[in-house]
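All remarks here apply to the structure that follows.
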Amino acid sequence: MTTADPVSRPYRLTHLKALEAEAIHIMREVAAQFERPALMFSGGKDSIVMVRLAEKAFRPAKFPFPLLHIDTGHNFPEALDFRDALVERLGERLIVHKVQDMIDQGLASEDPGPFPSRNRAQIPTLLNAIETYRFDALFGGARRDEEKARAKERIFSFRDEFGQWDPKNQRPELWNLYNGRHRMGENIRVFPISNWTEMDVWQYIMLENIEIPSLYFSHKRPVVRRMGQWVPVGDAPFGPREGEKVEHRTVRFRTVGDMSCTAATESPAATLADIVAEVAAARASERGARMDDKTNEAAMEDRKKEGYF
Amino acid sequence: MSTETAQQHPQPDPNANAGMEFSTEAYLDMDLLRFLTCGSVDDGKSTLIGRLLYDSKSIFEDQLEAATQASLSRGDERMNLALLTDGLRAEREQGITIDVAYRYFATPRRKFIIADCPGHVQYTRNMVTGASTANLALILIDARHGVIVQTRRHAFICSLLRIPHLVVCVNKMDLVGWSKETFDKIRSDFAEFASRFEITDITFIPMSALNGDNVVTRSENMPWYNGASLLHHLETVHIAGDRDMIDPRFPVQWVIRPQSDEHHDYRGYAGQVASGVFQVGDEVMSLPSGMTSRIRSIDIGGVEQQAAFPPQSVSIQLEDDIDISRGDMICRPNNQPKSGQDIDAMVVWMTDQPMVVGKKYQIRHTSNEARCIVKKLHYRMDIQTLHRDETVENLRLNEIGRISIRTTKPLFYDPYRQCRATGAFIIVDEQTNNTVGAAMIIGPTT
């Protein structure tokens with residue numbers, strides 16, 4: 001394999017740098033076209049990459065928007081610790097909006113039934129945050145390679161006053177010209193890393209030497225076998241269910257969502273290089289570890305229409 | 001012959017992945033190639049994309065499994081490849097592609113972004129959308145049918161959007177007995193009408209996407225073909241020359257002004273280089289003010305570099321404190337874009353409400369916003385016959401025409417054929433806020 005020759009190809013941009021440039025452009029465009037943006041921060045690797053891109057777009061100034069965390073109360077403790085340390089280092093503003101508060105106020109409820117998922121409860125919580133802080137644009141770290149409905153979503157994705165996405169009525173999006181015009185009460189979700197793949201995200205983390213939560217690296221953890229996957233268990237309500245046997249396995253997480261809906265994979269990958277090698281050899285997609293997408297063929301499309309990210 | 005909706009997914013070619021071992025070093029050195037696929041389901045487009053994705057290991061087992069499950073529940077006999085790419089419920093239900101879907105795959109040489117566009121005439125606007133960012137287009141032709149009206153339409157749109165490279169995939173060669181005569185006939189038919197367009201680089205590849213001939217590996221069924229397989233061509237086509245490195249254009253998107261003691265004097269003009277190269281020390285001019293200064297520094301996120309080139313997003317500091325804000329254009333004093341308020345452009349109309357001559361619209365051009373009035377519709381181009389109809393009074397959805405506009409303030413532009421980034425603008429309806437037109441500047445109104 002030939003490597004880059006800086007003499008013969010002086011003005012060449014590798015694909016990762018081209019994707020970075022695109023994302024920076026999108027972030028600045030939102031800052032310029034909207035009054036009250038916010039960056040959705042979950043503590044997952046994609047949102048951590050987004051923070052790095054925001055640094056590239058706006059440093060040495062502060063970000064022209066706060067970070068927003070929709071706290072389901074089902075987070076991995078490691079992810080919360082990481083979030084707080086990162087915000088501290090950045091010196092940026094963090095807004096935490098809690099699903100539990102919404103449940104207490106009767107504005108949201110957990111899914112009924114034996115599975116204590118708060119996935120759906122995130123939707124009214126997010127919409128409530130938008131209303132409370134009057135956000136008109138929210139950055140999200142979603143990528144088009146994650147899921148079929150997302151493959152067709154625009155980078156500037158419009159939502160009506162109920163936060164709903166209408167897939168058949170999307171604005172054409174041409175060149176790098178983003179039309180952010182909107183009415184009062186309308187808002188958009190913006191996906192600056194739409195064109196990145198899981199591999200791109202990992203390579204960028206490695207290239208930029210970005211710190212990520214320990215959950216992504218292999219570690220010993222109590223898990224149970226559920227629906228053919230290793231599911232992490234902890235204190236209630238995340239304890240083992242009847243008939244489930246707790247085992248200690250060497251696992252890691254490819255994606256960090258709620259404890260109640262993120263499965264672990266058995267893996268010895270302890271370094272970023274190991275993870276990259278594993279992703280390269282992987283035969284299952286990242287969202288395959290998300291039990292929430294498996295409900296039906298159009299699960300993601302339906303949740304997005306309701307206002308999910 | 002079974003139709004596309006009942007085809008087996010391509011079996012992986014055991015040799016296809018030779019040389020595809022993963023290496024981080026190689027991954028960090030890849031170029032990015034964006035291409036679009038023009039064709040309809042009947043041309044074998046989904047099969048072709050499926051094969052590229054599958055043979056480059058870009059489809060995961062659970063995605064395959066989900067598509068297989070969905071195929072079975074629909075009553076298809078075999079795995080339906082279109083289900084891998086058709087993401088929206090309405091698309092799966094109707095078995096058609098409505099919107100552009102973006103797909104990703106990589107080989108050790110390049111990373112590819114596919115804009116998978118619907119082929120039918122009612123989705124022209126979607127194809128234009130996909131074409132706007134593409135370096136290369138694949139035009140699929142069914143070898144049994146040859147060059148048809150749809151082929152001409154696709155080639156015209158590729159030429160209108162100035163996609164620098166075209167690959168004509170003559171597919172289903174297995175169904176014409178791998179005939180060289182058939183391929184040659186299609187090639188000369190295509191070349192004949194394409195000579196009327198400004199397309200500089202056209203490559204013709206005979207293939208069978210279903211069987212994999214000339215997709216990833218060279219076909220043994222067509223020894224008369226000496227060219228590269230499609231994937232090899234995609235990996236090696238020269239794209240470095242596609243960008244204009246001569247004419248420096250930097251639309252200012254955002255001004256970085258830290259309100260801190262440490263960076264008290266920092267004033268960075270942030271934006272994405274549209275074309276040309278800027279170097280520290282260069283004398284530059286800002287438009288519309290016409291003020292000049294020199295580049296003091298160029299940085300990305302505080303990390304300084306000596307030069308900036310397209311499509312980098314950078315922050316530029318100047319030696320002098322001159323007033324520059326969003327929408328301004330930084331260029332060289334001896335190499336300026338055109339400036340004007342009366343502009344002719346080709347426009348693709350993208351909404352049900354027709355374009356009305358005399359109506360005012362919002363436009364968005366580089367980082368600039370303005371209002372405009374449509375002064376004149378010169379003609380509508382019939383994209384099936386390429387006939388110019390000068391009698392039309394408005395442009396409807398998916399129609400293409402030449403217009404003259406007058407803007408409320410000067411735009412700093414280059415003809416689209418010279419620079420896509422400074423020659424394109426979008427038209428926005430002020431009532432609905434919808435993006436209603438895509439325009440490519442020809443030049444000043446004469």
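Residue numbering restarts at 1 for every chain of the structure tokens, chains are lettered A, B, ... in their displayed order, and ligands are numbered from 1 as they appear.
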- [ ] With a distance cut-off of 10 Å and only C-alpha atoms, select the neighbouring residues of Ala54 in chain A, excluding the residue or stretch itself and same-chain residues fewer than 4 positions from it, and output the selection as a list in words.
- [x] Ala23, Ile24, Met27, Arg28, Leu39, Ile48, Val49, Met50, Phe58, Arg59, Lys62, Phe63, Pro64 and Phe65 of chain A; Gly301 of chain B
Open item on the list: Which residues are close to Tyr133 in chain A, i.e. within 12 Å by only C-alpha atoms, leaving aside same-chain residues fewer than 5 positions away? Reply as an NGL selection string.
Closed with: :A and (35-38 or 65-66 or 68 or 95-97 or 126-128 or 138 or 185)
With all heavy atoms retained, could you export that selection as a short mmCIF file (atom, residue, chain, number, x, y, z; two decimals), in the first residue's frame?
data_model
loop_
_atom_site.label_atom_id
_atom_site.label_comp_id
_atom_site.auth_asym_id
_atom_site.auth_seq_id
_atom_site.Cartn_x
_atom_site.Cartn_y
_atom_site.Cartn_z
N GLU A 35 -31.05 30.50 16.32
CA GLU A 35 -30.83 31.33 17.49
C GLU A 35 -30.45 30.53 18.73
O GLU A 35 -29.66 30.96 19.53
CB GLU A 35 -32.09 32.15 17.79
CG GLU A 35 -32.21 33.37 16.91
CD GLU A 35 -33.52 34.10 17.16
OE1 GLU A 35 -33.93 34.20 18.34
OE2 GLU A 35 -34.13 34.53 16.18
N ARG A 36 -31.08 29.36 18.89
CA ARG A 36 -30.86 28.60 20.11
C ARG A 36 -30.60 27.12 19.83
O ARG A 36 -31.44 26.27 20.11
CB ARG A 36 -32.06 28.76 21.06
CG ARG A 36 -32.04 30.05 21.88
CD ARG A 36 -33.30 30.19 22.71
NE ARG A 36 -34.46 30.26 21.84
CZ ARG A 36 -34.87 31.38 21.26
NH1 ARG A 36 -34.26 32.52 21.47
NH2 ARG A 36 -35.93 31.35 20.46
N PRO A 37 -29.44 26.81 19.29
CA PRO A 37 -29.11 25.39 19.09
C PRO A 37 -28.63 24.74 20.39
O PRO A 37 -28.32 25.45 21.36
CB PRO A 37 -27.97 25.42 18.06
CG PRO A 37 -27.70 26.87 17.74
CD PRO A 37 -28.37 27.69 18.79
N ALA A 38 -28.59 23.44 20.38
CA ALA A 38 -27.96 22.69 21.47
C ALA A 38 -27.38 21.41 20.88
O ALA A 38 -27.83 20.94 19.84
CB ALA A 38 -28.98 22.35 22.56
N PHE A 65 -23.40 27.16 21.75
CA PHE A 65 -24.58 26.38 22.18
C PHE A 65 -24.19 25.54 23.40
O PHE A 65 -23.02 25.21 23.58
CB PHE A 65 -25.08 25.46 21.06
CG PHE A 65 -23.99 24.78 20.27
CD1 PHE A 65 -23.27 23.72 20.81
CD2 PHE A 65 -23.66 25.21 18.99
CE1 PHE A 65 -22.26 23.09 20.09
CE2 PHE A 65 -22.64 24.58 18.27
CZ PHE A 65 -21.95 23.53 18.82
N PRO A 66 -25.18 25.16 24.22
CA PRO A 66 -24.89 24.26 25.33
C PRO A 66 -24.96 22.80 24.90
O PRO A 66 -25.42 22.49 23.80
CB PRO A 66 -26.03 24.55 26.31
CG PRO A 66 -27.18 24.91 25.41
CD PRO A 66 -26.57 25.62 24.21
N LEU A 68 -26.75 19.20 25.72
CA LEU A 68 -28.02 18.77 26.33
C LEU A 68 -27.99 17.26 26.52
O LEU A 68 -27.79 16.52 25.55
CB LEU A 68 -29.20 19.16 25.42
CG LEU A 68 -30.56 18.59 25.80
CD1 LEU A 68 -31.06 19.19 27.12
CD2 LEU A 68 -31.58 18.82 24.68
N ILE A 95 -26.77 21.03 30.04
CA ILE A 95 -28.14 21.01 30.54
C ILE A 95 -28.57 19.55 30.64
O ILE A 95 -28.43 18.80 29.67
CB ILE A 95 -29.08 21.77 29.59
CG1 ILE A 95 -28.74 23.26 29.57
CG2 ILE A 95 -30.54 21.56 30.00
CD1 ILE A 95 -29.48 24.05 28.51
N VAL A 96 -29.02 19.14 31.82
CA VAL A 96 -29.50 17.77 31.99
C VAL A 96 -31.02 17.81 32.16
O VAL A 96 -31.53 18.51 33.03
CB VAL A 96 -28.85 17.08 33.21
CG1 VAL A 96 -29.38 15.67 33.38
CG2 VAL A 96 -27.33 17.07 33.04
N HIS A 97 -31.71 17.11 31.30
CA HIS A 97 -33.17 17.04 31.38
C HIS A 97 -33.53 15.59 31.66
O HIS A 97 -33.15 14.69 30.92
CB HIS A 97 -33.78 17.52 30.06
CG HIS A 97 -35.04 18.31 30.24
ND1 HIS A 97 -35.07 19.52 30.89
CD2 HIS A 97 -36.30 18.05 29.85
CE1 HIS A 97 -36.32 19.98 30.89
NE2 HIS A 97 -37.09 19.11 30.27
N LEU A 126 -37.47 14.88 25.67
CA LEU A 126 -36.75 15.71 24.70
C LEU A 126 -37.63 16.88 24.25
O LEU A 126 -37.19 18.03 24.21
CB LEU A 126 -36.35 14.85 23.50
CG LEU A 126 -35.69 15.58 22.33
CD1 LEU A 126 -34.38 16.21 22.77
CD2 LEU A 126 -35.43 14.61 21.17
N LEU A 127 -38.89 16.58 23.95
CA LEU A 127 -39.79 17.64 23.49
C LEU A 127 -40.01 18.68 24.59
O LEU A 127 -40.11 19.88 24.32
CB LEU A 127 -41.12 17.05 23.02
CG LEU A 127 -41.02 16.06 21.83
CD1 LEU A 127 -42.38 15.55 21.42
CD2 LEU A 127 -40.31 16.70 20.64
N ASN A 128 -40.04 18.22 25.82
CA ASN A 128 -40.19 19.14 26.94
C ASN A 128 -38.96 20.04 27.09
O ASN A 128 -39.07 21.24 27.37
CB ASN A 128 -40.45 18.35 28.23
CG ASN A 128 -40.74 19.26 29.40
OD1 ASN A 128 -39.83 19.69 30.11
ND2 ASN A 128 -42.02 19.58 29.60
N LEU A 138 -31.17 21.06 17.15
CA LEU A 138 -30.49 20.12 18.02
C LEU A 138 -29.53 19.26 17.20
O LEU A 138 -29.95 18.61 16.24
CB LEU A 138 -31.49 19.20 18.72
CG LEU A 138 -32.38 19.86 19.78
CD1 LEU A 138 -33.46 18.89 20.22
CD2 LEU A 138 -31.55 20.29 20.98
N GLY A 185 -41.56 27.76 16.75
CA GLY A 185 -42.10 26.50 17.25
C GLY A 185 -41.58 25.30 16.49
O GLY A 185 -41.60 24.19 17.00
#
Task: Distance filter 8 Å, only C-alpha atoms, chain A against chain B, as a VMD selection string - done: chain A and resid 1 3 to 4 11 to 18 21 to 22 24 to 25 28 to 29 32 55 to 62 144 to 145 148 to 152 167 171 to 177 179 181 to 182 195 197 203 276 to 277 280 282 to 285 288 297 to 298 301
Residues at most 7 Å from range 224-240 of chain A, counting only C-alpha atoms, excluding those fewer than 3 positions away in the same chain, as a short mmCIF file (atom, residue, chain, number, x, y, z; two decimals) with all heavy atoms, in the first residue's frame?
data_model
loop_
_atom_site.label_atom_id
_atom_site.label_comp_id
_atom_site.auth_asym_id
_atom_site.auth_seq_id
_atom_site.Cartn_x
_atom_site.Cartn_y
_atom_site.Cartn_z
N GLU A 244 -32.98 -16.45 35.07
CA GLU A 244 -31.73 -16.03 34.42
C GLU A 244 -30.56 -16.24 35.38
O GLU A 244 -30.66 -15.93 36.56
CB GLU A 244 -31.79 -14.56 34.00
CG GLU A 244 -32.71 -14.32 32.81
CD GLU A 244 -32.82 -12.85 32.44
OE1 GLU A 244 -32.49 -11.97 33.26
OE2 GLU A 244 -33.26 -12.60 31.30
N LYS A 245 -29.47 -16.72 34.82
CA LYS A 245 -28.30 -16.99 35.63
C LYS A 245 -27.25 -15.90 35.37
O LYS A 245 -26.89 -15.64 34.23
CB LYS A 245 -27.73 -18.37 35.26
CG LYS A 245 -26.62 -18.85 36.16
CD LYS A 245 -26.40 -20.36 35.93
CE LYS A 245 -25.00 -20.73 35.54
NZ LYS A 245 -24.48 -20.55 34.25
N VAL A 246 -26.81 -15.27 36.44
CA VAL A 246 -25.80 -14.21 36.28
C VAL A 246 -24.43 -14.84 36.07
O VAL A 246 -24.02 -15.72 36.81
CB VAL A 246 -25.78 -13.30 37.52
CG1 VAL A 246 -24.68 -12.24 37.37
CG2 VAL A 246 -27.13 -12.64 37.72
N GLU A 247 -23.76 -14.38 35.02
CA GLU A 247 -22.41 -14.87 34.75
C GLU A 247 -21.46 -13.67 34.67
O GLU A 247 -21.88 -12.58 34.32
CB GLU A 247 -22.35 -15.60 33.41
CG GLU A 247 -23.20 -16.85 33.36
CD GLU A 247 -23.14 -17.49 31.97
OE1 GLU A 247 -22.02 -17.69 31.48
OE2 GLU A 247 -24.20 -17.75 31.39
N MET A 259 -28.89 1.06 30.03
CA MET A 259 -28.54 -0.26 30.54
C MET A 259 -29.64 -1.26 30.22
O MET A 259 -29.40 -2.45 30.07
CB MET A 259 -28.34 -0.21 32.06
CG MET A 259 -26.90 0.03 32.44
SD MET A 259 -26.65 -0.10 34.21
CE MET A 259 -26.26 -1.85 34.39
N SER A 260 -30.87 -0.76 30.15
CA SER A 260 -31.99 -1.66 29.94
C SER A 260 -32.14 -2.10 28.48
O SER A 260 -32.94 -2.97 28.19
CB SER A 260 -33.29 -1.01 30.42
OG SER A 260 -33.40 0.29 29.85
N THR A 262 -29.19 -2.11 26.06
CA THR A 262 -27.94 -2.25 25.33
C THR A 262 -27.27 -3.57 25.70
O THR A 262 -27.02 -3.81 26.88
CB THR A 262 -26.97 -1.10 25.66
OG1 THR A 262 -27.65 0.13 25.48
CG2 THR A 262 -25.76 -1.13 24.76
N ALA A 263 -27.01 -4.38 24.70
CA ALA A 263 -26.38 -5.66 24.97
C ALA A 263 -24.87 -5.54 24.81
O ALA A 263 -24.38 -4.71 24.06
CB ALA A 263 -26.93 -6.72 24.02
N ALA A 264 -24.17 -6.39 25.52
CA ALA A 264 -22.71 -6.41 25.44
C ALA A 264 -22.27 -7.49 24.47
O ALA A 264 -23.03 -8.41 24.19
CB ALA A 264 -22.12 -6.68 26.82
N THR A 265 -21.08 -7.35 23.93
CA THR A 265 -20.52 -8.44 23.14
C THR A 265 -19.31 -8.99 23.86
O THR A 265 -18.56 -8.23 24.48
CB THR A 265 -20.09 -7.98 21.73
OG1 THR A 265 -19.31 -6.79 21.87
CG2 THR A 265 -21.28 -7.65 20.85
#
- [ ] Fewer than 2 positions away in the same chain doesn't count, so skip those; otherwise give me all residues within 8 Å of Gln100 in chain A, counting only C-alpha atoms, as a VMD selection string.
- [x] chain A and resid 72 to 73 98 102 to 104
Which residues in range 187-289 of chain B does DSSP call strand (DSSP E)? List them as a CSV table (one decimal) with all heavy atoms, in the first residue's frame.
chain,number,residue,atom,x,y,z
B,201,ASP,N,-15.3,12.8,-19.3
B,201,ASP,CA,-14.8,11.5,-19.0
B,201,ASP,C,-15.9,10.4,-19.0
B,201,ASP,O,-16.7,10.4,-18.0
B,201,ASP,CB,-14.0,11.5,-17.7
B,201,ASP,CG,-13.5,10.2,-17.2
B,201,ASP,OD1,-13.3,9.3,-18.1
B,201,ASP,OD2,-13.4,9.9,-16.0
B,202,ILE,N,-16.0,9.6,-20.0
B,202,ILE,CA,-17.0,8.6,-20.0
B,202,ILE,C,-16.4,7.2,-20.2
B,202,ILE,O,-15.5,7.0,-21.1
B,202,ILE,CB,-18.0,8.7,-21.2
B,202,ILE,CG1,-18.6,10.1,-21.2
B,202,ILE,CG2,-19.2,7.7,-21.1
B,202,ILE,CD1,-19.6,10.4,-22.4
B,203,THR,N,-16.7,6.3,-19.3
B,203,THR,CA,-16.2,4.9,-19.4
B,203,THR,C,-17.3,3.9,-19.6
B,203,THR,O,-18.4,4.1,-19.0
B,203,THR,CB,-15.4,4.6,-18.1
B,203,THR,OG1,-14.4,5.5,-17.9
B,203,THR,CG2,-14.8,3.2,-18.2
B,204,PHE,N,-17.2,3.0,-20.5
B,204,PHE,CA,-18.2,2.0,-20.7
B,204,PHE,C,-17.8,0.6,-20.2
B,204,PHE,O,-16.7,0.2,-20.5
B,204,PHE,CB,-18.5,1.9,-22.2
B,204,PHE,CG,-19.1,3.1,-22.8
B,204,PHE,CD1,-18.2,4.1,-23.3
B,204,PHE,CD2,-20.5,3.3,-22.9
B,204,PHE,CE1,-18.7,5.3,-23.8
B,204,PHE,CE2,-21.0,4.5,-23.5
B,204,PHE,CZ,-20.1,5.5,-23.9
B,205,ILE,N,-18.6,0.0,-19.4
B,205,ILE,CA,-18.2,-1.3,-18.9
B,205,ILE,C,-19.4,-2.3,-19.1
B,205,ILE,O,-20.5,-2.1,-18.6
B,205,ILE,CB,-17.9,-1.3,-17.4
B,205,ILE,CG1,-16.8,-0.3,-17.1
B,205,ILE,CG2,-17.6,-2.7,-16.8
B,205,ILE,CD1,-16.5,-0.1,-15.6
B,206,PRO,N,-19.1,-3.4,-19.9
B,206,PRO,CA,-20.2,-4.5,-20.0
B,206,PRO,C,-20.2,-5.3,-18.7
B,206,PRO,O,-19.1,-5.7,-18.2
B,206,PRO,CB,-19.7,-5.3,-21.2
B,206,PRO,CG,-18.2,-5.1,-21.2
B,206,PRO,CD,-17.9,-3.8,-20.5
B,250,PHE,N,-13.2,32.0,-0.7
B,250,PHE,CA,-13.5,31.6,0.7
B,250,PHE,C,-14.7,32.4,1.2
B,250,PHE,O,-14.6,33.5,1.6
B,250,PHE,CB,-12.3,31.9,1.5
B,250,PHE,CG,-12.4,31.4,3.0
B,250,PHE,CD1,-12.2,30.1,3.3
B,250,PHE,CD2,-12.7,32.3,4.0
B,250,PHE,CE1,-12.3,29.6,4.6
B,250,PHE,CE2,-12.7,31.9,5.3
B,250,PHE,CZ,-12.6,30.5,5.6
B,251,PRO,N,-15.9,31.8,1.1
B,251,PRO,CA,-17.1,32.4,1.6
B,251,PRO,C,-17.1,32.4,3.2
B,251,PRO,O,-16.9,31.3,3.8
B,251,PRO,CB,-18.3,31.6,1.1
B,251,PRO,CG,-17.7,30.6,0.1
B,251,PRO,CD,-16.2,30.4,0.5
B,254,TRP,N,-18.8,32.4,9.4
B,254,TRP,CA,-19.0,32.6,10.8
B,254,TRP,C,-17.7,33.3,11.3
B,254,TRP,O,-16.6,33.1,10.8
B,254,TRP,CB,-19.1,31.2,11.5
B,254,TRP,CG,-19.2,31.2,13.0
B,254,TRP,CD1,-18.2,30.9,13.9
B,254,TRP,CD2,-20.4,31.5,13.8
B,254,TRP,NE1,-18.7,31.0,15.2
B,254,TRP,CE2,-20.0,31.3,15.1
B,254,TRP,CE3,-21.7,31.9,13.5
B,254,TRP,CZ2,-20.9,31.5,16.2
B,254,TRP,CZ3,-22.6,32.0,14.5
B,254,TRP,CH2,-22.2,31.9,15.9
B,255,VAL,N,-17.9,34.2,12.2
B,255,VAL,CA,-16.7,34.9,12.7
B,255,VAL,C,-16.4,34.4,14.2
B,255,VAL,O,-17.3,34.5,15.0
B,255,VAL,CB,-16.9,36.4,12.7
B,255,VAL,CG1,-15.6,37.1,13.2
B,255,VAL,CG2,-17.2,36.9,11.3
B,256,ILE,N,-15.2,33.9,14.4
B,256,ILE,CA,-14.8,33.4,15.7
B,256,ILE,C,-14.2,34.5,16.5
B,256,ILE,O,-13.1,35.0,16.1
B,256,ILE,CB,-13.9,32.2,15.6
B,256,ILE,CG1,-14.6,31.0,14.8
B,256,ILE,CG2,-13.4,31.7,16.9
B,256,ILE,CD1,-13.7,29.8,14.5
B,268,GLY,N,-11.2,35.2,13.9
B,268,GLY,CA,-11.0,34.3,12.9
B,268,GLY,C,-12.2,34.3,11.9
B,268,GLY,O,-13.4,34.3,12.4
B,269,TYR,N,-12.0,34.3,10.6
B,269,TYR,CA,-13.0,34.2,9.7
B,269,TYR,C,-13.2,32.7,9.3
B,269,TYR,O,-12.3,32.2,8.7
B,269,TYR,CB,-12.8,35.1,8.5
B,269,TYR,CG,-12.6,36.5,8.9
B,269,TYR,CD1,-11.4,37.1,8.9
B,269,TYR,CD2,-13.7,37.2,9.4
B,269,TYR,CE1,-11.2,38.4,9.3
B,269,TYR,CE2,-13.5,38.5,9.9
B,269,TYR,CZ,-12.3,39.1,9.9
B,269,TYR,OH,-12.1,40.4,10.3
B,270,ALA,N,-14.3,32.1,9.7
B,270,ALA,CA,-14.4,30.7,9.5
B,270,ALA,C,-15.3,30.4,8.3
B,270,ALA,O,-16.2,31.1,8.0
B,270,ALA,CB,-15.1,30.1,10.8
B,271,GLY,N,-14.9,29.3,7.6
B,271,GLY,CA,-15.6,28.9,6.5
B,271,GLY,C,-15.0,27.7,5.8
B,271,GLY,O,-14.0,27.2,6.3
B,272,GLN,N,-15.6,27.3,4.7
B,272,GLN,CA,-15.1,26.1,4.0
B,272,GLN,C,-14.6,26.7,2.6
B,272,GLN,O,-15.3,27.4,1.9
B,272,GLN,CB,-16.2,25.1,3.7
B,272,GLN,CG,-15.8,23.8,3.1
B,272,GLN,CD,-16.8,22.7,3.2
B,272,GLN,OE1,-18.0,23.0,3.2
B,272,GLN,NE2,-16.4,21.5,3.2
B,278,PHE,N,-5.3,29.0,-0.4
B,278,PHE,CA,-4.9,30.2,0.4
B,278,PHE,C,-3.7,29.8,1.2
B,278,PHE,O,-3.7,28.8,1.9
B,278,PHE,CB,-6.0,30.6,1.3
B,278,PHE,CG,-7.2,31.2,0.6
B,278,PHE,CD1,-8.2,30.3,0.2
B,278,PHE,CD2,-7.3,32.5,0.3
B,278,PHE,CE1,-9.3,30.8,-0.5
B,278,PHE,CE2,-8.4,33.0,-0.3
B,278,PHE,CZ,-9.5,32.2,-0.7
B,279,GLN,N,-2.7,30.7,1.3
B,279,GLN,CA,-1.5,30.4,2.0
B,279,GLN,C,-1.2,31.6,3.0
B,279,GLN,O,-1.6,32.8,2.7
B,279,GLN,CB,-0.3,30.3,1.1
B,279,GLN,CG,-0.5,29.3,0.0
B,279,GLN,CD,0.7,28.4,-0.2
B,279,GLN,OE1,1.3,28.0,0.8
B,279,GLN,NE2,1.0,28.1,-1.4
B,283,GLU,N,-1.8,38.0,-0.1
B,283,GLU,CA,-2.6,39.2,-0.1
B,283,GLU,C,-4.0,38.8,-0.5
B,283,GLU,O,-4.2,38.1,-1.5
B,283,GLU,CB,-2.1,40.2,-1.1
B,283,GLU,CG,-2.8,41.5,-1.0
B,283,GLU,CD,-2.4,42.6,-2.0
B,283,GLU,OE1,-1.7,42.2,-3.0
B,283,GLU,OE2,-2.6,43.8,-1.7
B,284,VAL,N,-5.0,39.2,0.3
B,284,VAL,CA,-6.4,38.8,-0.1
B,284,VAL,C,-7.3,40.1,-0.1
B,284,VAL,O,-6.9,41.1,0.5
B,284,VAL,CB,-6.9,37.8,1.0
B,284,VAL,CG1,-6.3,36.4,0.8
B,284,VAL,CG2,-6.8,38.3,2.4
B,285,MET,N,-8.4,39.9,-0.7
B,285,MET,CA,-9.4,41.0,-0.8
B,285,MET,C,-10.7,40.4,-0.2
B,285,MET,O,-11.1,39.3,-0.5
B,285,MET,CB,-9.6,41.4,-2.2
B,285,MET,CG,-10.7,42.4,-2.4
B,285,MET,SD,-10.9,42.9,-4.1
B,285,MET,CE,-9.7,44.3,-4.2
B,286,SER,N,-11.5,41.3,0.5
B,286,SER,CA,-12.8,40.9,0.9
B,286,SER,C,-13.9,41.6,0.1
B,286,SER,O,-13.8,42.8,-0.1
B,286,SER,CB,-12.9,41.2,2.4
B,286,SER,OG,-14.3,41.0,2.8
B,287,LEU,N,-14.9,40.8,-0.3
B,287,LEU,CA,-16.0,41.4,-1.0
B,287,LEU,C,-17.2,41.3,-0.1
B,287,LEU,O,-17.4,40.4,0.6
B,287,LEU,CB,-16.2,40.7,-2.3
B,287,LEU,CG,-15.0,40.7,-3.3
B,287,LEU,CD1,-15.3,39.8,-4.5
B,287,LEU,CD2,-14.8,42.1,-3.8
Task: From B:Asp282, B:Glu390, B:Asp174, B:Asp261, residue lying nearest Glu319 in chain B [only C-alpha atoms] - done: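 Smallest distance to Glu319 in chain B is found for B:Asp282.
Here the residues within range 206-414 of chain B that DSSP labels alpha helix (DSSP H) on the basis of the backbone are Leu230, Leu231, His232, His233, Leu234, Glu235 and Thr236 of chain B.
When only C-alpha atoms are used to compute distances to Gln431 in chain B, the closest of the residues A:Leu207, A:Ile70, A:Arg183, A:Leu80 turns out to be A:Arg183.
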- [ ] Rounded to one decimal place, report the CA of Glu220 in chain B-CA of Thr151 in chain B distance in Å.
- [x]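 Atom-to-atom, CA of Glu220 in chain B to CA of Thr151 in chain B, that is 27.2 Å.
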TODO: Name the residues in contact with Arg162 in chain B at a cut-off of 10 Å, using only C-alpha atoms, excluding same-chain residues fewer than 5 positions from it; report them as a ChimeraX atom specification.
DONE: /B:131-136,156-157,197-200,416-420,440
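One distance worth recording is that between CA of Tyr216 in chain A and CA of Phe253 in chain A, which is 4.9 Å.
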